[in-house]
Structure formats: C-alpha cells, structure tokens
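Trainee: Next comes data03.txt, compact mmCIF, C-alpha atoms:
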# COMPACT_ATOMS: atom_id res chain seq x y z
CA MET A 1 -40.28 40.64 4.01
CA LYS A 2 -40.54 42.96 1.02
CA ALA A 3 -38.55 42.07 -2.09
CA ILE A 4 -38.36 42.65 -5.84
CA VAL A 5 -38.92 39.34 -7.61
CA VAL A 6 -39.14 38.29 -11.24
CA ARG A 7 -42.18 36.34 -12.38
CA ALA A 8 -41.49 34.01 -15.28
CA ASN A 9 -44.45 32.46 -17.08
CA GLY A 10 -43.30 30.80 -20.26
CA GLN A 11 -41.74 33.56 -22.35
CA LYS A 12 -43.41 36.34 -20.35
CA TYR A 13 -41.53 38.12 -17.60
CA GLN A 14 -42.47 40.83 -15.15
CA LEU A 15 -41.17 42.30 -11.91
CA GLU A 16 -43.13 42.52 -8.68
CA PHE A 17 -42.54 44.40 -5.45
CA SER A 18 -44.11 41.91 -3.08
CA GLU A 19 -43.82 39.95 0.15
CA VAL A 20 -41.73 36.78 0.25
CA SER A 21 -40.71 34.43 3.05
CA ASP A 22 -37.97 35.56 5.41
CA PRO A 23 -34.69 33.68 4.91
CA VAL A 24 -33.94 30.88 7.39
CA LEU A 25 -30.44 31.15 8.82
CA LYS A 26 -28.06 28.25 8.11
CA PRO A 27 -24.74 27.35 9.77
CA GLY A 28 -21.80 29.24 8.29
CA HIS A 29 -24.06 32.07 7.16
CA CYS A 30 -25.06 35.50 8.39
CA LEU A 31 -28.35 37.32 8.12
CA VAL A 32 -27.85 40.76 6.66
CA ARG A 33 -30.40 43.55 6.95
CA ILE A 34 -29.95 45.29 3.61
CA LYS A 35 -29.63 49.07 3.88
CA ALA A 36 -28.99 49.91 0.23
CA ALA A 37 -28.76 48.00 -3.05
CA ALA A 38 -27.58 49.14 -6.46
CA LEU A 39 -28.95 48.30 -9.89
CA ASN A 40 -26.93 46.74 -12.67
CA ARG A 41 -27.70 46.32 -16.35
CA ARG A 42 -28.21 42.59 -15.78
CA ASP A 43 -31.26 43.37 -13.62
CA TYR A 44 -32.93 44.99 -16.61
CA TRP A 45 -31.99 42.13 -18.93
CA ILE A 46 -33.40 39.62 -16.44
CA SER A 47 -36.62 41.64 -16.19
CA VAL A 48 -37.21 41.28 -19.95
CA GLY A 49 -36.15 37.63 -20.14
CA LYS A 50 -32.83 38.20 -21.93
CA TYR A 51 -30.56 36.46 -19.44
CA PRO A 52 -29.78 32.78 -18.86
CA GLY A 53 -30.98 30.83 -15.83
CA ILE A 54 -34.00 32.95 -14.85
CA LYS A 55 -36.14 31.26 -12.20
CA ASP A 56 -39.69 32.22 -11.33
CA GLY A 57 -39.85 34.01 -8.00
CA VAL A 58 -36.13 34.74 -7.65
CA VAL A 59 -35.19 37.93 -5.80
CA LEU A 60 -33.10 40.20 -8.03
CA GLY A 61 -30.06 42.25 -7.06
CA SER A 62 -26.29 41.68 -7.07
CA ASP A 63 -25.05 44.72 -5.13
CA GLY A 64 -25.80 45.37 -1.51
CA CYS A 65 -24.65 46.99 1.71
CA GLY A 66 -26.17 46.08 5.05
CA GLU A 67 -25.81 45.24 8.72
CA VAL A 68 -25.24 41.74 10.05
CA ILE A 69 -28.01 41.00 12.57
CA ALA A 70 -27.65 37.24 13.10
CA GLY A 71 -25.17 34.44 12.52
CA GLU A 72 -21.42 34.28 13.13
CA PRO A 73 -20.64 36.24 16.35
CA ALA A 74 -17.52 37.87 14.83
CA TRP A 75 -19.69 39.61 12.23
CA MET A 76 -22.54 40.73 14.46
CA GLY A 77 -23.37 44.43 14.16
CA LYS A 78 -20.89 45.08 11.35
CA THR A 79 -21.83 46.94 8.19
CA VAL A 80 -20.74 44.88 5.21
CA LEU A 81 -20.50 44.65 1.47
CA ILE A 82 -21.53 41.40 -0.20
CA ASN A 83 -19.28 39.69 -2.72
CA PRO A 84 -21.70 38.76 -5.57
CA ASN A 85 -19.55 35.85 -6.82
CA ILE A 86 -20.93 32.33 -6.36
CA ASN A 87 -18.67 29.33 -7.06
CA TRP A 88 -15.87 31.10 -8.93
CA GLY A 89 -13.72 28.01 -8.48
CA ASP A 90 -10.04 27.31 -7.86
CA ASN A 91 -8.54 28.83 -11.01
CA PRO A 92 -8.01 32.61 -10.70
CA GLU A 93 -7.79 32.92 -14.49
CA HIS A 94 -11.42 32.00 -15.18
CA GLN A 95 -14.67 31.13 -13.46
CA SER A 96 -15.83 27.54 -13.01
CA SER A 97 -18.66 25.88 -14.93
CA GLN A 98 -20.80 26.19 -11.76
CA TYR A 99 -20.26 29.94 -11.51
CA SER A 100 -23.17 32.31 -11.06
CA ILE A 101 -23.85 35.81 -9.76
CA LEU A 102 -26.01 36.77 -6.82
CA GLY A 103 -29.54 37.70 -7.90
CA THR A 104 -30.14 34.92 -10.46
CA PRO A 105 -30.41 32.04 -10.06
CA GLU A 106 -29.98 32.56 -6.28
CA ASN A 107 -31.87 35.22 -4.36
CA GLY A 108 -30.18 38.60 -4.32
CA THR A 109 -30.02 41.93 -2.56
CA PHE A 110 -33.33 43.55 -3.55
CA ALA A 111 -34.89 42.44 -0.29
CA GLU A 112 -35.09 43.62 3.30
CA TYR A 113 -32.98 40.66 4.47
CA LEU A 114 -30.50 38.30 2.82
CA MET A 115 -28.81 35.18 4.15
CA VAL A 116 -25.15 35.24 3.07
CA PRO A 117 -22.27 32.77 3.52
CA THR A 118 -19.71 34.39 5.79
CA ASP A 119 -16.99 34.10 3.16
CA ARG A 120 -19.02 36.48 0.95
CA LEU A 121 -18.79 39.32 3.47
CA ILE A 122 -16.27 42.14 3.72
CA GLU A 123 -16.46 45.18 5.96
CA LYS A 124 -17.71 48.36 4.36
CA PRO A 125 -14.93 50.90 3.69
CA TYR A 126 -15.15 53.47 6.47
CA TYR A 127 -15.26 56.54 4.23
CA LEU A 128 -18.33 55.49 2.23
CA SER A 129 -21.98 55.97 3.09
CA ASP A 130 -24.19 52.90 2.85
CA THR A 131 -25.64 54.22 -0.42
CA GLU A 132 -22.20 54.82 -1.92
CA ALA A 133 -20.86 51.46 -0.77
CA ALA A 134 -23.77 49.58 -2.35
CA ALA A 135 -22.77 50.95 -5.76
CA PHE A 136 -19.43 49.12 -5.85
CA PRO A 137 -19.45 45.30 -5.76
CA LEU A 138 -20.35 43.96 -9.22
CA ALA A 139 -19.36 46.90 -11.42
CA ALA A 140 -16.18 47.79 -9.56
CA LEU A 141 -15.02 44.17 -9.46
CA THR A 142 -15.56 43.85 -13.21
CA ALA A 143 -13.63 47.07 -13.83
CA TYR A 144 -10.80 46.13 -11.46
CA ARG A 145 -10.09 42.84 -13.23
CA ALA A 146 -10.34 44.43 -16.68
CA VAL A 147 -8.04 47.34 -15.84
CA PHE A 148 -5.35 45.56 -13.85
CA ARG A 149 -5.34 41.81 -14.49
CA LYS A 150 -6.30 41.92 -18.16
CA ALA A 151 -5.12 45.32 -19.45
CA ASN A 152 -2.22 45.67 -16.96
CA VAL A 153 -2.68 49.44 -16.90
CA GLN A 154 0.36 51.33 -15.63
CA ARG A 155 1.27 54.90 -14.81
CA ASN A 156 1.56 57.24 -17.84
CA GLN A 157 -0.03 54.75 -20.23
CA LYS A 158 -2.74 55.97 -22.56
CA VAL A 159 -6.05 54.20 -21.95
CA LEU A 160 -9.34 54.42 -23.84
CA VAL A 161 -12.50 53.47 -21.94
CA THR A 162 -15.63 53.16 -24.06
CA GLY A 163 -19.26 53.87 -23.19
CA VAL A 164 -18.71 55.98 -20.07
CA GLY A 165 -22.36 56.25 -19.03
CA GLY A 166 -22.26 52.91 -17.20
CA GLY A 167 -20.91 51.97 -13.81
CA VAL A 168 -18.19 49.54 -14.97
CA SER A 169 -16.69 52.01 -17.43
CA GLN A 170 -16.75 54.81 -14.87
CA PHE A 171 -14.98 52.65 -12.31
CA ALA A 172 -12.47 51.65 -15.00
CA CYS A 173 -11.75 55.35 -15.58
CA ALA A 174 -11.41 56.01 -11.86
CA PHE A 175 -9.05 53.07 -11.33
CA ALA A 176 -6.83 53.94 -14.30
CA LEU A 177 -6.67 57.58 -13.21
CA ALA A 178 -5.79 56.52 -9.67
CA VAL A 179 -2.59 54.80 -10.87
CA GLY A 180 -1.60 57.76 -13.03
CA ALA A 181 -2.73 56.65 -16.47
CA GLU A 182 -3.82 59.13 -19.14
CA VAL A 183 -7.47 58.27 -19.71
CA TYR A 184 -9.73 59.02 -22.69
CA VAL A 185 -13.39 58.08 -23.04
CA THR A 186 -16.13 57.56 -25.61
CA SER A 187 -19.88 58.06 -25.41
CA SER A 188 -22.82 58.90 -27.65
CA SER A 189 -23.53 61.86 -25.34
CA ASP A 190 -21.45 65.03 -25.46
CA ASP A 191 -22.73 65.89 -21.99
CA LYS A 192 -21.38 62.63 -20.56
CA LEU A 193 -18.03 63.24 -22.25
CA THR A 194 -17.84 66.71 -20.74
CA ARG A 195 -18.70 65.42 -17.29
CA MET A 196 -16.02 62.72 -17.45
CA MET A 197 -13.41 65.24 -18.55
CA ARG A 198 -14.32 67.37 -15.53
CA MET A 199 -13.61 64.28 -13.45
CA GLY A 200 -10.12 63.83 -14.85
CA ALA A 201 -10.35 62.28 -18.32
CA SER A 202 -7.89 63.86 -20.76
CA GLY A 203 -10.32 63.82 -23.69
CA GLY A 204 -13.48 62.34 -25.08
CA PHE A 205 -14.86 61.19 -28.41
CA ASN A 206 -18.47 60.87 -29.52
CA TYR A 207 -18.66 57.50 -31.25
CA THR A 208 -21.73 58.55 -33.25
CA ASP A 209 -19.49 60.95 -35.18
CA ALA A 210 -18.23 59.30 -38.36
CA GLY A 211 -14.75 60.72 -37.90
CA TRP A 212 -14.20 59.90 -34.23
CA VAL A 213 -11.50 57.29 -34.90
CA LYS A 214 -9.51 59.70 -37.05
CA GLU A 215 -9.98 62.40 -34.40
CA ALA A 216 -8.73 60.08 -31.66
CA GLY A 217 -5.77 58.98 -33.75
CA GLY A 218 -4.84 62.59 -34.46
CA LYS A 219 -5.06 63.61 -30.81
CA VAL A 220 -3.58 60.58 -29.09
CA ASN A 221 -1.96 58.53 -31.87
CA LYS A 222 -2.20 55.09 -30.22
CA PHE A 223 -3.55 53.69 -26.95
CA ASP A 224 -1.71 51.20 -24.75
CA ALA A 225 -5.01 49.67 -23.66
CA ILE A 226 -8.66 49.89 -24.68
CA ILE A 227 -11.36 48.73 -22.26
CA ASP A 228 -14.67 48.07 -23.97
CA SER A 229 -18.20 46.93 -23.15
CA ALA A 230 -19.78 47.23 -26.59
CA GLY A 231 -18.08 44.67 -28.83
CA GLY A 232 -19.62 44.59 -32.29
CA ASN A 233 -17.86 46.04 -35.29
CA ALA A 234 -16.25 48.75 -33.18
CA ILE A 235 -13.51 46.19 -32.49
CA ASN A 236 -12.05 46.98 -35.91
CA ASP A 237 -11.96 50.67 -34.98
CA TYR A 238 -10.06 49.80 -31.83
CA LEU A 239 -7.53 47.80 -33.85
CA ARG A 240 -6.73 51.02 -35.71
CA LEU A 241 -6.10 52.80 -32.41
CA ILE A 242 -4.21 50.22 -30.33
CA GLN A 243 -0.45 50.39 -29.86
CA PRO A 244 1.60 47.51 -31.28
CA GLY A 245 1.48 44.87 -28.59
CA GLY A 246 -1.41 46.60 -26.83
CA ARG A 247 -4.50 45.02 -25.32
CA ILE A 248 -8.16 45.42 -26.14
CA VAL A 249 -10.12 44.13 -23.13
CA VAL A 250 -13.78 43.31 -23.79
CA TYR A 251 -16.19 42.75 -20.90
CA GLY A 252 -19.50 43.08 -22.76
CA SER A 253 -21.21 42.87 -26.14
CA THR A 254 -24.06 45.37 -26.07
CA THR A 255 -23.79 45.98 -29.82
CA GLY A 256 -23.61 42.31 -30.74
CA LYS A 257 -21.14 40.17 -32.66
CA THR A 258 -18.15 41.39 -34.62
CA GLU A 259 -18.49 40.85 -38.36
CA GLY A 260 -15.46 40.82 -40.64
CA LEU A 261 -12.79 41.04 -37.96
CA ASP A 262 -9.66 42.66 -39.40
CA LEU A 263 -7.33 39.75 -38.71
CA PHE A 264 -4.46 41.25 -40.69
CA ARG A 265 -4.42 44.36 -38.53
CA LEU A 266 -4.77 42.17 -35.42
CA PHE A 267 -1.79 39.91 -36.06
CA TRP A 268 0.42 42.54 -37.69
CA SER A 269 0.04 44.84 -34.70
CA GLN A 270 0.85 42.01 -32.28
CA ALA A 271 -2.21 43.22 -30.34
CA SER A 272 -4.40 41.07 -28.12
CA ILE A 273 -8.17 40.98 -27.80
CA VAL A 274 -8.80 39.76 -24.26
CA GLY A 275 -12.09 38.67 -22.69
CA SER A 276 -12.96 39.56 -19.12
CA THR A 277 -15.94 39.41 -16.80
CA MET A 278 -16.48 39.86 -13.07
CA GLY A 279 -13.43 38.78 -11.01
CA ASN A 280 -12.27 36.20 -8.49
CA ASP A 281 -12.59 36.47 -4.72
CA GLU A 282 -9.02 37.67 -4.20
CA GLU A 283 -9.65 40.44 -6.72
CA PHE A 284 -12.80 41.45 -4.85
CA ALA A 285 -10.80 41.91 -1.64
CA SER A 286 -8.03 43.71 -3.55
CA MET A 287 -10.59 46.00 -5.18
CA VAL A 288 -12.00 47.00 -1.79
CA ASP A 289 -8.47 47.67 -0.49
CA PHE A 290 -7.70 49.72 -3.62
CA ILE A 291 -10.77 51.95 -3.43
CA THR A 292 -10.13 52.49 0.28
CA SER A 293 -6.49 53.45 -0.15
CA HIS A 294 -7.37 55.86 -2.98
CA GLN A 295 -10.62 57.08 -1.35
CA ILE A 296 -12.54 56.41 -4.57
CA LYS A 297 -16.24 57.23 -4.56
CA PRO A 298 -18.82 56.08 -7.11
CA ILE A 299 -20.77 58.29 -9.46
CA VAL A 300 -24.37 57.93 -8.28
CA ASP A 301 -26.99 58.95 -10.83
CA SER A 302 -30.01 58.70 -8.55
CA VAL A 303 -31.30 57.22 -5.31
CA HIS A 304 -34.81 55.77 -5.00
CA PRO A 305 -36.94 54.37 -2.18
CA PHE A 306 -37.02 50.59 -2.23
CA ALA A 307 -40.73 50.57 -3.06
CA GLU A 308 -39.95 52.36 -6.36
CA GLY A 309 -37.37 49.79 -7.41
CA VAL A 310 -39.40 48.11 -10.14
CA GLU A 311 -39.86 51.38 -12.01
CA ALA A 312 -36.20 52.27 -11.45
CA ILE A 313 -35.16 49.00 -13.12
CA ARG A 314 -37.45 49.68 -16.08
CA GLN A 315 -35.93 53.13 -16.53
CA THR A 316 -32.41 51.72 -16.82
CA GLY A 317 -33.45 50.16 -20.11
CA SER A 318 -33.02 53.56 -21.78
CA SER A 319 -29.35 53.80 -20.70
CA SER A 320 -29.92 57.50 -20.03
CA GLN A 321 -28.43 57.38 -16.53
CA PHE A 322 -24.95 58.64 -15.71
CA GLY A 323 -23.56 56.45 -12.96
CA LYS A 324 -25.16 54.01 -10.57
CA VAL A 325 -28.82 53.86 -9.59
CA VAL A 326 -29.28 52.92 -5.93
CA LEU A 327 -32.27 51.76 -3.87
CA GLU A 328 -32.45 52.70 -0.20
CA MET A 329 -34.23 50.19 2.04
CA ILE A 330 -34.00 52.21 5.25
Here is the file; what I need is its structure written in the form of structure tokens.

Mentor:
Amino acid sequence: MKAIVVRANGQKYQLEFSEVSDPVLKPGHCLVRIKAAALNRRDYWISVGKYPGIKDGVVLGSDGCGEVIAGEPAWMGKTVLINPNINWGDNPEHQSSQYSILGTPENGTFAEYLMVPTDRLIEKPYYLSDTEAAAFPLAALTAYRAVFRKANVQRNQKVLVTGVGGGVSQFACAFALAVGAEVYVTSSSDDKLTRMMRMGASGGFNYTDAGWVKEAGGKVNKFDAIIDSAGGNAINDYLRLIQPGGRIVVYGSTTGKTEGLDLFRLFWSQASIVGSTMGNDEEFASMVDFITSHQIKPIVDSVHPFAEGVEAIRQTGSSSQFGKVVLEMI
C-alpha cells in the first residue's frame, strides 16, 4: 500500500511517499480503508527530527476517517473516526507513562489502510463529509479538554484564545462560542483576526503590536480564562489580563520557556496556570457528541491528493495556513 513514512538516519530525517507492507489483521482489531487524513503540527516536527520517539520507517498521521473493511462484524462497512490516543491509562487527570499518539511511534493514518483496535473507533458524525471529519480527532480533543476540563468555560464568561491560525485554537474558539462564552483571539495576522471575528469572535488583538495587552485590557478589562499554545514570556502578559481566580491553560510551547515568571502577580491574583494536552478516551467520545449536537464544522485551509502529502507537510512549517490541511486518499 502507499504511505507517507519518515526515514531516520542518525540525525537526518526525510519523508517519503512510498510503498509499505499491508497491515495484517489481528484479533480485536479492524482494518480501516482510510478515506481522508488531516495534518497536525506534530507531523512537521517529526519530519525535521524535533519530536521524541521517532522510528525509521514509521507511517505518520494522527487524524483519519475511513471505512471498516475487515475485522469485527459489528463495525463492517461503517465510516469511522479513529481515536489517536494510545495507552492513556486509568487516571482521567493525566496520561500514563506508556502514553503515545498514533503516527509515532506506531504507524498512523497517512496510509491507504490502517489496522486499528476496535476500542479506538467511533462512528463518523452524520453531518460531516469524510474530509471534514478527518480534521477533528487530535486537535478537537486537545481543545475540548483545555476548554472544558481545564478552563471550565461557562456561558457569558470572557475567554481569550491565542494563536488562532491553528486547528486547536480554532476548535477552542468554536467550543467556547457554542456554550455562549464571549471569545477574543490573538494572532500575528490581521487577516486571521478579521476572519475569526466574522466567525463569531468578539474581538482580536495582534500580538506583534507592542500595545496589544493594554488594548485588550482597555476593551475587555479581564478574562475569565486564557487558552494558549505559545508559552514563552507571553505568560506574564496573560497574568496582567486574567481575572482574579482565573485560569491560564497552556497546551503548547511554540515560543519556548518562560523567563522571569511574575510570581507576585500570579499568587496575588489567585490565578492558576494549568497544563493540558490531548485528552482521555471519555473526553474523545464526549467531544464527538458535543460537535454533533452543536453541528460544529472545522475550518479547512486546503485539501490535497494523498500523493502530494509530503509537500503539504513541508508547507505547514511556515504556519501560513488558516485551519486544517487535509489529504484525500480516495
């Protein structure tokens, strides 16, 4: 079968669109013919060797939608989403030490076929196309946990979501808006801010502007929750904008470590800085129920033929996309 694999030779990494062996079906598993698969930022980081646990020859891809063609009779012929969690563990509060994500170190969705344990399958929401459905699993799960379990976003609360070009942040906006929160966003692109405001955000701030924190404070005063993927020294800016007792939820660190954390402002405000990543299996099922009940659709930046997947992954390194990038297998 055709697949996108990473080749690791010492400290050199490259992607290949090549033929690999078909998966051999095991008991308790289903064989899924992948129809569409979505890219995530982790695929790019793996492709340049900046991700732990990279194995030579592994098939990339964490997000996929496909049809079950072999395995458990109850699943035969159904179109499914694949839960990308592997070995979350028994504690819903955090993942186990054996936790990993589909697509490294285990083979992922950038292939014509994938063998999947039956407990990783969930039926595709009826209102989504295969391409739309493939955009959800990893990013939407991450956003769902951050918004609801960690930030506890409620109706009429003021929420700031940073870096709205990416899939997780866009899902976080959609989820918060769906429950009636007042959502604001940041980006380095005025165009992306404008587009998010057209989609329901109450305002946007360009974080490359030196006065954006003062502008946000003047317009909103304080936020009940801030959901962030950047980390870095922006954390101190968020401490100036968070309500007393509010939560800053961090699910990424694209700008690196925080230097000189303003501990006085942190403890005096009674605020919390909360870490979050991915989500447990119950949250995955709840996320699918939530998007179905609210008829939420993803923002899809572009759709590419499977054979163009390697170049599509390379292009995500520029972070110029707005929404999810999806590969169509058939």

Trainee: Taking all atoms listed in the file into account, name the residue in A:Gly203, A:Gly231, A:Pro23, A:Gly166 that is nearest to Val250 of chain A.

Mentor: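 Answer, going by the shortest atom-to-atom distance: A:Gly231.
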
Trainee: Determine, counting all atoms listed in the file, which protein, DNA and RNA residues have an atom within 10 Å of an atom of Asp237 of chain A; residues of the same chain fewer than 2 positions away are not included. Present the result as a list in words.

Mentor: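 Once the adjacent positions are removed, what remains is Trp212, Val213, Lys214, Asn233, Ala234, Ile235, Leu239, Arg240, Leu241, Ile242 and Asp262 of chain A.
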
Trainee: For Ala151 of chain A, which residue among A:Glu67, A:Gly246, A:Pro137, A:Gly77 is the nearest when counting all atoms listed in the file?

Mentor: A:Gly246

Trainee: Write out as an mmCIF file with C-alpha atoms, keeping the file's coordinate frame which residues come within 6 Å of Val185 of chain A when counting all atoms listed in the file, dropping same-chain ones fewer than 6 positions away.

Mentor:
data_model
loop_
_atom_site.group_PDB
_atom_site.id
_atom_site.type_symbol
_atom_site.label_atom_id
_atom_site.label_comp_id
_atom_site.auth_asym_id
_atom_site.auth_seq_id
_atom_site.Cartn_x
_atom_site.Cartn_y
_atom_site.Cartn_z
ATOM 1 C CA LEU A 160 -9.340 54.420 -23.840
ATOM 2 C CA VAL A 161 -12.500 53.470 -21.940
ATOM 3 C CA THR A 162 -15.630 53.160 -24.060
ATOM 4 C CA GLY A 204 -13.480 62.340 -25.080
#

Trainee: For a test of reading the model, state the distance in Å between atom CA of Val116 of chain A and atom CA of Leu31 of chain A, rounded to one decimal.

Mentor: 6.3 Å

Trainee: Closest to Trp268 of chain A among A:Gly61, A:Ala134, A:Lys150, A:Gly245, using all atoms listed in the file?

Mentor: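 Residue with the minimum atom-to-atom distance to Trp268 of chain A: A:Gly245.
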
Trainee: Find, counting all atoms listed in the file, the residue in A:Ala312, A:Ala216, A:Ala285, A:Val168 that gets nearest to Tyr44 of chain A.

Mentor: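 Using all atoms listed in the file, Tyr44 of chain A sits closest to A:Ala312.
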
Trainee: Could you state the separation of atom CA of Ile69 of chain A and atom CA of Lys35 of chain A in Å, given to one decimal place?

Mentor: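 So the two atoms, atom CA of Ile69 of chain A and atom CA of Lys35 of chain A, lie 12.0 Å apart.
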
Trainee: With only C-alpha atoms as the basis for distance, which of A:Phe223, A:Phe290, A:Phe284, A:Tyr13 is at the shortest distance from Ile82 of chain A?

Mentor: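 Of the candidates, the smallest distance to Ile82 of chain A is held by A:Phe284.
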
Trainee: Work out how far atom CA of Gly108 of chain A is from atom CA of Val59 of chain A, in Å to one decimal.

Mentor: 5.3 Å

Trainee: Counting all atoms listed in the file, which residue out of A:Ala111, A:Leu177, A:Val6, A:Ile248 sits closest to Ser21 of chain A?

Mentor: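 So, comparing all the options, the nearest one is A:Ala111.
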
Trainee: Please put the answer as JSON: centre and edge lengths, in Å with one decimal, of a box along x, y and z that encloses all listed atoms of segment 200-206 of chain A plus 6 Å on each side.

Mentor:
{"center_x": -13.2, "center_y": 62.4, "center_z": -22.2, "size_x": 22.6, "size_y": 15.0, "size_z": 26.7}

Trainee: Can you list, as a list in words, every protein, DNA or RNA residue that comes within 12 Å of Ser293 of chain A when you count all atoms listed in the file, leaving out same-chain residues fewer than 4 positions away?

Mentor: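 These residues fall inside the cut-off: Pro125, Tyr126, Tyr127, Phe175, Ala178, Val179, Ser286, Met287, Val288, Asp289 and Lys297 of chain A.
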
Trainee: Within 9 Å of Asp119 of chain A, counting all atoms listed in the file, which residues show up once you throw out same-chain ones fewer than 5 positions away? Write them as JSON, numbers by chain, please.

Mentor: {"A": [28, 29, 83]}

Trainee: What lies within 9 Å of Ile46 of chain A using all atoms listed in the file, ignoring chain neighbours under 5 positions off, as a list in words?

Mentor: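 Residues near the query, excluding close chain neighbours: Val6, Tyr13, Arg41, Tyr51, Pro52, Ile54, Leu60 and Thr104 of chain A.
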
Trainee: Taking (-36.5, 57.0, -11.7) in the coordinates of the supplied file, I want to know which residues reach to within 8 Å of it, counting only C-alpha atoms; could you give the answer as a short mmCIF file (atom, residue, chain, number, x, y, z; two decimals) with C-alpha atoms, keeping the file's coordinate frame?

Mentor:
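Wrote it out as part_8.cif, contents follow:
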data_model
loop_
_atom_site.label_atom_id
_atom_site.label_comp_id
_atom_site.auth_asym_id
_atom_site.auth_seq_id
_atom_site.Cartn_x
_atom_site.Cartn_y
_atom_site.Cartn_z
CA SER A 302 -30.01 58.70 -8.55
CA HIS A 304 -34.81 55.77 -5.00
CA GLU A 308 -39.95 52.36 -6.36
CA GLU A 311 -39.86 51.38 -12.01
CA ALA A 312 -36.20 52.27 -11.45
CA GLN A 315 -35.93 53.13 -16.53
#

Trainee: Hey, can you pull every residue with an atom no more than 9 Å from (-23.0, 33.5, 5.3), using all atoms listed in the file, and send it as a PyMOL selection string?

Mentor: chain A and resi 25-32+71-72+115-121

Trainee: Go ahead and write the residues just picked, C-alpha atoms, as a compact mmCIF listing (two decimals), in the coordinates of the input.

Mentor:
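Here's the written file result.txt:
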# COMPACT_ATOMS: atom_id res chain seq x y z
CA LEU A 25 -30.44 31.15 8.82
CA LYS A 26 -28.06 28.25 8.11
CA PRO A 27 -24.74 27.35 9.77
CA GLY A 28 -21.80 29.24 8.29
CA HIS A 29 -24.06 32.07 7.16
CA CYS A 30 -25.06 35.50 8.39
CA LEU A 31 -28.35 37.32 8.12
CA VAL A 32 -27.85 40.76 6.66
CA GLY A 71 -25.17 34.44 12.52
CA GLU A 72 -21.42 34.28 13.13
CA MET A 115 -28.81 35.18 4.15
CA VAL A 116 -25.15 35.24 3.07
CA PRO A 117 -22.27 32.77 3.52
CA THR A 118 -19.71 34.39 5.79
CA ASP A 119 -16.99 34.10 3.16
CA ARG A 120 -19.02 36.48 0.95
CA LEU A 121 -18.79 39.32 3.47
